[in-house]
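Notes to accompany the following structure.
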Amino acid sequence: MQQDQHRITIDTRGQALYEFTEDVAQWLAGTRIDTGLLTLFCRHTSASLLINENAAPAVQRDLLAWLDKAVPEGPQYEHDSEGPDDMPAHTRTMLTGASLSVPVSDGRMALGTWQGLFLAEHRRAPHSRQIIAHIIGE
């Protein structure tokens, strides 16, 4: 059994989905692990990780619009230390998740045809986000 770990930094420009599938694929190819389990972990409480469609940009816009409606900004939150998008960002992260598990087969992520890996930035201001990628396998 082998293991490898890698840190990916994504500099965001505000609320959006940022695809990082290719970054992981390139690193994974260098590990020479053929079969295993990939774990991705976002080291933040106001950004999250998603697997979703990466072909139609409208999907990303619709997802962000849904999150905005599901968890709107407003005066209803006690926690607003960093502004009106602070607590909604934490709630959106709770709903979408901070980690992903992806099977690895033949040295590649076993994603579906239209699936991609995305960092969801839930804050309006730019941030530098870190994702830890860990692979274990043979």
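Note on naming: chains are A, B, ... as they come in the structure tokens, residues start from 1 per chain, ligands start from 1 in the order shown.
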
Within 9 Å of stretch 98-119 of chain A: each stretch 11-68 of chain A residue with its shortest pair, only C-alpha atoms, as CSV:
```
residue,atom,partner,partner_atom,distance
A:Ala16,CA,A:Leu119,CA,8.3
A:Leu17,CA,A:Leu119,CA,5.7
A:Tyr18,CA,A:Leu119,CA,5.1
A:Glu19,CA,A:Phe118,CA,4.3
A:Phe20,CA,A:Leu117,CA,5.7
A:Thr21,CA,A:Leu117,CA,4.9
A:Glu22,CA,A:Leu117,CA,8.7
A:Val24,CA,A:Leu117,CA,8.7
A:Ala25,CA,A:Arg108,CA,6.8
A:Leu28,CA,A:Arg108,CA,7.1
A:Ala29,CA,A:Gly107,CA,6.3
A:Thr31,CA,A:Gly107,CA,8.5
A:Arg32,CA,A:Gly107,CA,6.7
A:Ile33,CA,A:Gly107,CA,5.7
A:Asp34,CA,A:Gly107,CA,4.0
A:Thr35,CA,A:Ser105,CA,4.8
A:Gly36,CA,A:Val104,CA,5.0
A:Leu37,CA,A:Pro103,CA,4.7
A:Leu38,CA,A:Val102,CA,5.1
A:Thr39,CA,A:Ser101,CA,4.6
A:Leu40,CA,A:Leu100,CA,5.1
A:Phe41,CA,A:Ser99,CA,4.4
A:Cys42,CA,A:Ala98,CA,5.1
A:Arg43,CA,A:Ala98,CA,7.6
A:His44,CA,A:Ala98,CA,7.7
A:Thr45,CA,A:Ala98,CA,7.8
A:Ala47,CA,A:Leu119,CA,6.9
A:Ser48,CA,A:Ala98,CA,4.9
A:Leu49,CA,A:Leu119,CA,4.8
A:Leu50,CA,A:Phe118,CA,5.1
A:Ile51,CA,A:Leu117,CA,4.9
A:Asn52,CA,A:Gln115,CA,5.2
A:Glu53,CA,A:Gln115,CA,4.8
A:Asn54,CA,A:Gly116,CA,5.2
A:Ala55,CA,A:Trp114,CA,6.1
```

Could you save the residues just selected, with N, CA and C atoms, as a short mmCIF file (atom, residue, chain, number, x, y, z; two decimals), in the first residue's frame?
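result-v8.cif, freshly written:
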```cif
data_model
loop_
_atom_site.label_atom_id
_atom_site.label_comp_id
_atom_site.auth_asym_id
_atom_site.auth_seq_id
_atom_site.Cartn_x
_atom_site.Cartn_y
_atom_site.Cartn_z
N ALA A 16 -17.98 32.12 -6.37
CA ALA A 16 -18.00 31.41 -7.65
C ALA A 16 -17.61 29.96 -7.38
N LEU A 17 -17.73 29.14 -8.43
CA LEU A 17 -17.21 27.79 -8.41
C LEU A 17 -15.94 27.76 -9.23
N TYR A 18 -14.89 27.18 -8.67
CA TYR A 18 -13.58 27.13 -9.29
C TYR A 18 -13.21 25.67 -9.53
N GLU A 19 -13.15 25.27 -10.80
CA GLU A 19 -12.83 23.88 -11.10
C GLU A 19 -11.33 23.62 -10.92
N PHE A 20 -11.01 22.50 -10.29
CA PHE A 20 -9.61 22.12 -10.08
C PHE A 20 -9.36 20.66 -10.44
N THR A 21 -10.21 20.08 -11.28
CA THR A 21 -10.09 18.68 -11.68
C THR A 21 -8.73 18.38 -12.29
N GLU A 22 -8.29 19.23 -13.20
CA GLU A 22 -7.04 18.97 -13.92
C GLU A 22 -5.83 19.04 -12.98
N VAL A 24 -5.73 18.11 -9.87
CA VAL A 24 -5.67 16.83 -9.16
C VAL A 24 -5.24 15.72 -10.10
N ALA A 25 -5.76 15.71 -11.32
CA ALA A 25 -5.42 14.65 -12.28
C ALA A 25 -3.92 14.64 -12.58
N LEU A 28 -2.12 13.29 -9.48
CA LEU A 28 -2.42 11.88 -9.32
C LEU A 28 -1.60 11.02 -10.28
N ALA A 29 -1.46 11.48 -11.51
CA ALA A 29 -0.68 10.74 -12.51
C ALA A 29 0.77 10.56 -12.05
N THR A 31 1.79 10.13 -9.02
CA THR A 31 1.92 9.25 -7.85
C THR A 31 2.15 7.80 -8.24
N ARG A 32 1.78 7.45 -9.47
CA ARG A 32 1.89 6.07 -9.97
C ARG A 32 1.06 5.09 -9.16
N ILE A 33 0.04 5.58 -8.50
CA ILE A 33 -0.90 4.70 -7.80
C ILE A 33 -2.02 4.38 -8.78
N ASP A 34 -2.23 3.09 -9.02
CA ASP A 34 -3.17 2.63 -10.04
C ASP A 34 -4.60 2.49 -9.51
N THR A 35 -4.74 1.96 -8.32
CA THR A 35 -6.05 1.70 -7.72
C THR A 35 -6.03 2.19 -6.29
N GLY A 36 -7.03 2.96 -5.91
CA GLY A 36 -7.06 3.45 -4.53
C GLY A 36 -8.21 4.38 -4.26
N LEU A 37 -8.05 5.14 -3.20
CA LEU A 37 -9.08 6.09 -2.79
C LEU A 37 -8.43 7.46 -2.59
N LEU A 38 -8.98 8.44 -3.26
CA LEU A 38 -8.54 9.82 -3.17
C LEU A 38 -9.46 10.56 -2.21
N THR A 39 -8.87 11.26 -1.26
CA THR A 39 -9.63 12.11 -0.35
C THR A 39 -9.19 13.54 -0.57
N LEU A 40 -10.16 14.44 -0.67
CA LEU A 40 -9.90 15.87 -0.83
C LEU A 40 -10.52 16.57 0.35
N PHE A 41 -9.77 17.50 0.96
CA PHE A 41 -10.24 18.20 2.16
C PHE A 41 -9.97 19.69 2.01
N CYS A 42 -11.01 20.49 2.20
CA CYS A 42 -10.90 21.95 2.14
C CYS A 42 -10.61 22.46 3.56
N ARG A 43 -9.55 23.26 3.71
CA ARG A 43 -9.10 23.71 5.03
C ARG A 43 -9.76 25.02 5.46
N HIS A 44 -11.04 25.21 5.11
CA HIS A 44 -11.71 26.48 5.40
C HIS A 44 -13.16 26.23 5.81
N THR A 45 -13.73 27.20 6.53
CA THR A 45 -15.11 27.07 6.98
C THR A 45 -16.07 27.94 6.19
N ALA A 47 -15.69 28.00 2.56
CA ALA A 47 -15.55 27.48 1.20
C ALA A 47 -15.75 25.98 1.29
N SER A 48 -16.19 25.37 0.19
CA SER A 48 -16.49 23.94 0.25
C SER A 48 -16.10 23.26 -1.05
N LEU A 49 -16.27 21.93 -1.08
CA LEU A 49 -15.91 21.13 -2.24
C LEU A 49 -17.15 20.45 -2.81
N LEU A 50 -17.20 20.40 -4.13
CA LEU A 50 -18.33 19.80 -4.83
C LEU A 50 -17.84 18.94 -5.98
N ILE A 51 -18.60 17.90 -6.29
CA ILE A 51 -18.49 17.21 -7.56
C ILE A 51 -19.76 17.55 -8.30
N ASN A 52 -19.60 18.14 -9.49
CA ASN A 52 -20.78 18.49 -10.27
C ASN A 52 -20.44 18.59 -11.73
N GLU A 53 -21.44 18.91 -12.52
CA GLU A 53 -21.25 18.99 -13.97
C GLU A 53 -20.26 20.09 -14.32
N ASN A 54 -19.35 19.76 -15.25
CA ASN A 54 -18.34 20.74 -15.65
C ASN A 54 -18.46 21.14 -17.12
N ALA A 55 -19.57 20.79 -17.77
CA ALA A 55 -19.72 21.09 -19.20
C ALA A 55 -20.55 22.35 -19.45
#
```

Among chain A, which residues carry a DSSP assignment of strand (DSSP E), reported as a count of residues only?
54

Residue neighbourhood A:Ser46, 9 Å, only C-alpha atoms, exclusion window fewer than 3 positions, as a PyMOL selection string
chain A and resi 86-94+120-123

Taking C-alpha atoms for each residue, export the selection above as a PDB file, in the first residue's frame.
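Saved result, selection.pdb, follows:
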```pdb
ATOM      1  CA  ASP A  86     -19.869  35.666   6.955  1.00  0.00           C
ATOM      2  CA  MET A  87     -22.516  33.394   8.527  1.00  0.00           C
ATOM      3  CA  PRO A  88     -24.215  32.540   5.220  1.00  0.00           C
ATOM      4  CA  ALA A  89     -20.810  31.328   3.969  1.00  0.00           C
ATOM      5  CA  HIS A  90     -20.430  29.025   6.988  1.00  0.00           C
ATOM      6  CA  THR A  91     -23.946  27.638   6.494  1.00  0.00           C
ATOM      7  CA  ARG A  92     -23.377  27.047   2.767  1.00  0.00           C
ATOM      8  CA  THR A  93     -20.186  25.160   3.632  1.00  0.00           C
ATOM      9  CA  MET A  94     -22.091  23.031   6.123  1.00  0.00           C
ATOM     10  CA  ALA A 120     -17.137  26.689  -3.955  1.00  0.00           C
ATOM     11  CA  GLU A 121     -16.089  30.106  -2.676  1.00  0.00           C
ATOM     12  CA  HIS A 122     -18.914  31.385  -0.481  1.00  0.00           C
ATOM     13  CA  ARG A 123     -17.384  34.768   0.394  1.00  0.00           C
TER      14      ARG A 123
END
```

Of the candidates A:His6, A:Thr12, A:Gly74, A:Thr96, which shows the shortest atom-to-atom distance to A:Arg129, using only C-alpha atoms?
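Of A:His6, A:Thr12, A:Gly74, A:Thr96, the one nearest A:Arg129 is A:Thr12, counting only C-alpha atoms.
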
Give me, as a ChimeraX atom specification, the residues of chain A that a backbone DSSP run labels helix (DSSP H, G or I).
/A:21-31,57-70,86-96

Residue neighbourhood A:Asp11, 9 Å, only C-alpha atoms, exclusion window fewer than 4 positions, as a PyMOL selection string:
chain A and resi 126-130

Residues as selected, all heavy atoms, written as a short mmCIF file (atom, residue, chain, number, x, y, z; two decimals), in the first residue's frame, can you do that?
```
data_model
loop_
_atom_site.label_atom_id
_atom_site.label_comp_id
_atom_site.auth_asym_id
_atom_site.auth_seq_id
_atom_site.Cartn_x
_atom_site.Cartn_y
_atom_site.Cartn_z
N PRO A 126 -12.02 38.16 -2.42
CA PRO A 126 -11.04 37.16 -2.83
C PRO A 126 -10.37 36.51 -1.61
O PRO A 126 -10.16 37.17 -0.60
CB PRO A 126 -10.03 37.97 -3.64
CG PRO A 126 -10.73 39.21 -4.05
CD PRO A 126 -11.71 39.51 -2.95
N HIS A 127 -10.04 35.24 -1.76
CA HIS A 127 -9.34 34.50 -0.72
C HIS A 127 -8.35 33.54 -1.37
O HIS A 127 -8.51 33.16 -2.52
CB HIS A 127 -10.32 33.68 0.14
CG HIS A 127 -11.11 34.50 1.09
ND1 HIS A 127 -12.22 35.21 0.73
CD2 HIS A 127 -10.96 34.71 2.41
CE1 HIS A 127 -12.72 35.83 1.78
NE2 HIS A 127 -11.97 35.54 2.82
N SER A 128 -7.38 33.11 -0.59
CA SER A 128 -6.46 32.05 -1.01
C SER A 128 -6.88 30.80 -0.24
O SER A 128 -6.78 30.76 0.98
CB SER A 128 -5.02 32.43 -0.69
OG SER A 128 -4.15 31.45 -1.17
N ARG A 129 -7.37 29.81 -0.97
CA ARG A 129 -7.93 28.60 -0.35
C ARG A 129 -7.00 27.42 -0.55
O ARG A 129 -6.36 27.28 -1.60
CB ARG A 129 -9.30 28.28 -0.95
CG ARG A 129 -10.32 29.40 -0.83
CD ARG A 129 -10.58 29.77 0.61
NE ARG A 129 -11.78 30.60 0.73
CZ ARG A 129 -12.28 30.98 1.87
NH1 ARG A 129 -11.71 30.63 3.01
NH2 ARG A 129 -13.37 31.72 1.91
N GLN A 130 -6.93 26.55 0.45
CA GLN A 130 -6.08 25.37 0.38
C GLN A 130 -6.92 24.11 0.44
O GLN A 130 -7.83 24.00 1.26
CB GLN A 130 -5.07 25.37 1.52
CG GLN A 130 -4.05 26.46 1.42
CD GLN A 130 -3.05 26.40 2.57
OE1 GLN A 130 -3.15 25.58 3.47
NE2 GLN A 130 -2.07 27.28 2.51
#
```

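Here atom CA of A:Trp66 is placed at a distance of 13.0 Å from atom CA of A:Gln15.
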